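Asks: Structure below; questions to follow.
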Amino acid sequence: MKISEIILYDEPTVPEIQLEKLAEFLQKTFPVKVELRKNILSYSSKDTAQKIAACKIFNLRRDFEKHIPTPEEIAFEELNIQDTSNTENIIMYDGFHLHKVLTDLIPKDESRNNIFHVFFTNKLTCTYDYNDYRYHGRALIGANPSIISTTGIIEAPAKPREYYFELMKNFTQGVNVDFVKEKFKGTYLEYHDSRLSKIIEGYLLQTIFYYETGEPFCENKDCKLLNAHWQKDLIHSQLDFGKLCEHHQYVLEEMIKKNQS
C-alpha cells in the first residue's frame, strides 16, 4: 500500500458519522495508523471563504463557470467556517474546485503520498457529467485528499421510483409530503440517519481502493464497492450484504500482503 496513515477530518454537525467507529473499522481493515481531526475548515486562511464561495454552481446545465463572489456570499461562507451548521443543502458546489480549495488547507509537510486525507462535509458536492450535460450530486470526490459529502449520500442516490410517483400525486392533491415520507420511511437514508456511519465505511473503502488500485467501484450489488445510484442498492450493498465481494476481498488481501512484505 502507498498509504501508511489516514487522517479523518470531522463534520461536527453530523455526529452520526462517528469518527471513532470509522477509525476502528479502518484499522481492522488496513494495517495503517488512523488520526482524527477537527473539520478541515478550522484550518482556513483569510481568503478561504472567498474561494469556497467561488465554487458555487449557478447553472446545472453548463460546466463550471467562474464568478466573482458577492460580499453576501463571502459572508455566508465565513459564517459557515465558524459554524458548519450555517449551511444550506440547496447550495451546490463544484466538487473538483472545492477539492482544490480544501487541499490547500493541508499543512505542506503532510501533503505526501503516504498520508491519506479524508474530509467530511455537509456541503453538497457535484460534478458535471458530459453524458447528459448537467451537474449531479456526488457523495464522493475521490483522490488524495478525498471529500465525502454527507448531504451527497442523502441526496445523490435516488429514492424508490414509487416515492416520486406518490410525491407528485399527493402534491397535486395538496396532501402533506410528510405522509409520503412516512410511507417510505426506512427505504432511503434521511438526515441524521443512525445508519450513516456504516454506510460511510463503503465510501471510505471506495476512495482508498481508488487511490491504491485506480479502480474504486464494483458492478456487483453484493459488494461494499458498489457505486450505488439508488438508495435501495446503497442500503443493500452497505448494510444488508455489508462486505466486499470475493474478488475485491482478494484484492484487499493482496494489497495488505504487499504492504507487509
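A note on labels: chains of the C-alpha cells are A, B, ... as shown, every chain counts residues from 1, and ligands are counted from 1 in their shown order.
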Excluding same-chain residues fewer than 2 positions from segment 180-193 of chain A, what lies within 7 Å of it counting only C-alpha atoms, as a list in words?
Replies: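 Near segment 180-193 of chain A, the qualifying residues are Val14, Glu16, Ile154, Lys159, Tyr163, Glu166, Leu167, Val177, Asp178, Arg195, Leu196, Gln231 and Lys232 of chain A.
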Asks: Would you output that residue set with N, CA and C atoms, as a PDB file, in the first residue's frame?
Replies:
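Once everything was written out, this is part29.pdb:
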```pdb
ATOM      1  N   VAL A  14     -22.787  16.556  11.942  1.00  0.00           N
ATOM      2  CA  VAL A  14     -23.312  15.226  11.641  1.00  0.00           C
ATOM      3  C   VAL A  14     -22.660  14.209  12.583  1.00  0.00           C
ATOM      4  N   GLU A  16     -23.625  11.508  13.541  1.00  0.00           N
ATOM      5  CA  GLU A  16     -23.858  10.127  13.120  1.00  0.00           C
ATOM      6  C   GLU A  16     -22.696   9.555  12.320  1.00  0.00           C
ATOM      7  N   ILE A 154     -27.123  11.454   1.133  1.00  0.00           N
ATOM      8  CA  ILE A 154     -28.571  11.510   1.283  1.00  0.00           C
ATOM      9  C   ILE A 154     -29.265  11.847  -0.036  1.00  0.00           C
ATOM     10  N   LYS A 159     -34.150   7.947  -4.522  1.00  0.00           N
ATOM     11  CA  LYS A 159     -35.111   7.215  -3.702  1.00  0.00           C
ATOM     12  C   LYS A 159     -35.933   6.279  -4.607  1.00  0.00           C
ATOM     13  N   TYR A 163     -41.701   6.361  -4.648  1.00  0.00           N
ATOM     14  CA  TYR A 163     -41.669   7.537  -3.770  1.00  0.00           C
ATOM     15  C   TYR A 163     -41.959   8.802  -4.577  1.00  0.00           C
ATOM     16  N   GLU A 166     -45.645   8.857  -5.833  1.00  0.00           N
ATOM     17  CA  GLU A 166     -46.532   9.239  -4.730  1.00  0.00           C
ATOM     18  C   GLU A 166     -46.396  10.725  -4.403  1.00  0.00           C
ATOM     19  N   LEU A 167     -45.154  11.206  -4.461  1.00  0.00           N
ATOM     20  CA  LEU A 167     -44.904  12.611  -4.138  1.00  0.00           C
ATOM     21  C   LEU A 167     -45.620  13.525  -5.126  1.00  0.00           C
ATOM     22  N   VAL A 177     -46.474  16.342   2.188  1.00  0.00           N
ATOM     23  CA  VAL A 177     -45.425  15.425   1.734  1.00  0.00           C
ATOM     24  C   VAL A 177     -44.907  14.556   2.868  1.00  0.00           C
ATOM     25  N   ASP A 178     -45.125  14.962   4.119  1.00  0.00           N
ATOM     26  CA  ASP A 178     -44.682  14.151   5.252  1.00  0.00           C
ATOM     27  C   ASP A 178     -45.372  12.788   5.250  1.00  0.00           C
ATOM     28  N   ARG A 195     -27.950   5.023  10.488  1.00  0.00           N
ATOM     29  CA  ARG A 195     -27.215   4.059   9.650  1.00  0.00           C
ATOM     30  C   ARG A 195     -26.034   4.681   8.914  1.00  0.00           C
ATOM     31  N   LEU A 196     -25.851   5.976   9.079  1.00  0.00           N
ATOM     32  CA  LEU A 196     -24.888   6.704   8.253  1.00  0.00           C
ATOM     33  C   LEU A 196     -23.457   6.207   8.414  1.00  0.00           C
ATOM     34  N   GLN A 231     -30.953   4.475  -3.704  1.00  0.00           N
ATOM     35  CA  GLN A 231     -30.851   4.292  -2.262  1.00  0.00           C
ATOM     36  C   GLN A 231     -31.006   2.817  -1.873  1.00  0.00           C
ATOM     37  N   LYS A 232     -31.906   2.101  -2.548  1.00  0.00           N
ATOM     38  CA  LYS A 232     -32.114   0.691  -2.199  1.00  0.00           C
ATOM     39  C   LYS A 232     -30.848  -0.123  -2.433  1.00  0.00           C
TER      40      LYS A 232
END
```
Asks: Which segment 110-178 of chain A residues have any atom within 7 Å of an atom of segment 204-213 of chain A, and for each, what is the nearest pair of atoms with distance in Å to one decimal, counting only C-alpha atoms, rows sorted by chain and number, as CSV?
Replies:
```
residue,atom,partner,partner_atom,distance
A:Gly142,CA,A:Thr207,CA,5.4
A:Ala143,CA,A:Tyr211,CA,6.2
A:Ser146,CA,A:Thr207,CA,6.9
```
Asks: Can you pull out every residue within 10 Å of Asn39 of chain A, counting only C-alpha atoms, but drop anything in the same chain fewer than 6 positions away, and send it as number ranges by chain?
Replies: A: 8-13, 81, 84, 119-121
Asks: As an exercise, work out the distance from atom CA of Pro69 of chain A to atom CA of Asp132 of chain A in Å and give it to one decimal place.
Replies: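 Interatomic distance here is 27.6 Å.
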Asks: DSSP on the backbone, alpha helix (DSSP H) only: what residues of segment 4-87 of chain A does that give? Format it as a PyMOL selection string.
Replies: chain A and resi 19-29+48-53+71-82
Asks: Those selected residues, please, written with N, CA and C atoms and delivered as a tab-separated table (two decimals), in the first residue's frame.
Replies:
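Written out: again_24.tsv:
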```tsv
chain	number	residue	atom	x	y	z
A	19	LEU	N	-16.72	9.19	14.03
A	19	LEU	CA	-15.33	9.06	13.58
A	19	LEU	C	-14.59	7.93	14.29
A	20	GLU	N	-14.84	7.76	15.59
A	20	GLU	CA	-14.13	6.73	16.33
A	20	GLU	C	-14.43	5.34	15.78
A	21	LYS	N	-15.70	5.09	15.44
A	21	LYS	CA	-16.08	3.80	14.87
A	21	LYS	C	-15.45	3.61	13.49
A	22	LEU	N	-15.40	4.69	12.72
A	22	LEU	CA	-14.79	4.59	11.39
A	22	LEU	C	-13.29	4.33	11.50
A	23	ALA	N	-12.64	4.95	12.48
A	23	ALA	CA	-11.21	4.70	12.70
A	23	ALA	C	-10.98	3.24	13.07
A	24	GLU	N	-11.84	2.71	13.92
A	24	GLU	CA	-11.73	1.29	14.32
A	24	GLU	C	-11.91	0.38	13.11
A	25	PHE	N	-12.88	0.71	12.25
A	25	PHE	CA	-13.11	-0.07	11.03
A	25	PHE	C	-11.89	-0.04	10.12
A	26	LEU	N	-11.32	1.14	9.93
A	26	LEU	CA	-10.15	1.26	9.06
A	26	LEU	C	-8.96	0.48	9.60
A	27	GLN	N	-8.74	0.55	10.90
A	27	GLN	CA	-7.59	-0.14	11.49
A	27	GLN	C	-7.76	-1.66	11.45
A	28	LYS	N	-9.01	-2.13	11.47
A	28	LYS	CA	-9.25	-3.56	11.34
A	28	LYS	C	-9.06	-4.02	9.89
A	29	THR	N	-9.27	-3.10	8.97
A	29	THR	CA	-9.23	-3.45	7.54
A	29	THR	C	-7.86	-3.26	6.92
A	48	THR	N	-10.14	31.84	2.47
A	48	THR	CA	-10.81	30.56	2.21
A	48	THR	C	-12.29	30.75	1.89
A	49	ALA	N	-12.96	31.63	2.64
A	49	ALA	CA	-14.40	31.85	2.42
A	49	ALA	C	-14.66	32.35	1.00
A	50	GLN	N	-13.83	33.26	0.54
A	50	GLN	CA	-14.00	33.79	-0.82
A	50	GLN	C	-13.79	32.69	-1.86
A	51	LYS	N	-12.79	31.85	-1.64
A	51	LYS	CA	-12.50	30.76	-2.59
A	51	LYS	C	-13.64	29.75	-2.62
A	52	ILE	N	-14.20	29.42	-1.46
A	52	ILE	CA	-15.31	28.47	-1.42
A	52	ILE	C	-16.54	29.06	-2.09
A	53	ALA	N	-16.81	30.33	-1.82
A	53	ALA	CA	-17.96	30.99	-2.45
A	53	ALA	C	-17.86	30.96	-3.97
A	71	PRO	N	-20.19	40.13	-1.72
A	71	PRO	CA	-19.89	40.23	-0.28
A	71	PRO	C	-20.82	39.36	0.57
A	72	GLU	N	-22.08	39.23	0.15
A	72	GLU	CA	-23.05	38.42	0.88
A	72	GLU	C	-22.68	36.94	0.82
A	73	GLU	N	-22.23	36.48	-0.34
A	73	GLU	CA	-21.82	35.08	-0.49
A	73	GLU	C	-20.59	34.79	0.37
A	74	ILE	N	-19.67	35.70	0.38
A	74	ILE	CA	-18.45	35.53	1.19
A	74	ILE	C	-18.80	35.53	2.67
A	75	ALA	N	-19.68	36.43	3.07
A	75	ALA	CA	-20.09	36.49	4.48
A	75	ALA	C	-20.77	35.19	4.91
A	76	PHE	N	-21.57	34.63	4.01
A	76	PHE	CA	-22.23	33.34	4.31
A	76	PHE	C	-21.20	32.25	4.56
A	77	GLU	N	-20.17	32.18	3.71
A	77	GLU	CA	-19.15	31.15	3.87
A	77	GLU	C	-18.29	31.40	5.12
A	78	GLU	N	-18.10	32.66	5.46
A	78	GLU	CA	-17.37	32.98	6.70
A	78	GLU	C	-18.13	32.46	7.92
A	79	LEU	N	-19.46	32.61	7.90
A	79	LEU	CA	-20.28	32.07	8.98
A	79	LEU	C	-20.20	30.55	9.02
A	80	ASN	N	-20.18	29.96	7.84
A	80	ASN	CA	-20.11	28.50	7.76
A	80	ASN	C	-18.78	27.98	8.28
A	81	ILE	N	-17.71	28.70	8.07
A	81	ILE	CA	-16.40	28.31	8.60
A	81	ILE	C	-16.41	28.34	10.13
A	82	GLN	N	-17.06	29.35	10.67
A	82	GLN	CA	-17.15	29.48	12.13
A	82	GLN	C	-18.04	28.39	12.73
```
Asks: Could you pull the residues within 10 Å of His97 of chain A, counting only C-alpha atoms, minus those fewer than 4 positions along the same chain, as a list in words?
Replies: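 The residues satisfying every condition are Lys51, Ile52, Ala54, Cys55, Lys56, Phe64, Tyr93, Val101, Leu102, Thr103, Thr125, Cys126 and Thr127 of chain A.
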Asks: Taking C-alpha atoms for each residue, export the selection above as a compact mmCIF listing (two decimals), in the first residue's frame.
Replies:
```
# COMPACT_ATOMS: atom_id res chain seq x y z
CA LYS A 51 -12.50 30.76 -2.59
CA ILE A 52 -15.31 28.47 -1.42
CA ALA A 54 -16.43 30.98 -5.93
CA CYS A 55 -17.11 27.21 -6.15
CA LYS A 56 -20.89 27.66 -6.17
CA PHE A 64 -18.41 25.24 -14.21
CA TYR A 93 -20.62 23.32 -5.11
CA VAL A 101 -9.61 24.88 -2.06
CA LEU A 102 -9.69 22.36 0.81
CA THR A 103 -6.50 20.65 -0.35
CA THR A 125 -20.60 18.37 -3.81
CA CYS A 126 -21.42 17.96 -7.50
CA THR A 127 -19.63 17.14 -10.74
```
Asks: Work out how far apart atom CA of His117 of chain A and atom CA of Ile68 of chain A are and give it in Å to one decimal.
Replies: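 Atom CA of Ile68 of chain A lies at a distance of 28.9 Å from atom CA of His117 of chain A.
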Asks: Going by DSSP on the backbone, which bits of segment 59-234 of chain A are strand (DSSP E or B)? Write them as a PyMOL selection string, please.
Replies: chain A and resi 92-94+115-121+124-129+134-138+140-141+146-149+158+218+226+230
Asks: Near Glu155 of chain A, counting only C-alpha atoms, which residues have an atom at most 7 Å away, once you skip same-chain residues fewer than 3 positions from it, shown as a ChimeraX atom specification?
Replies: /A:137,151-152
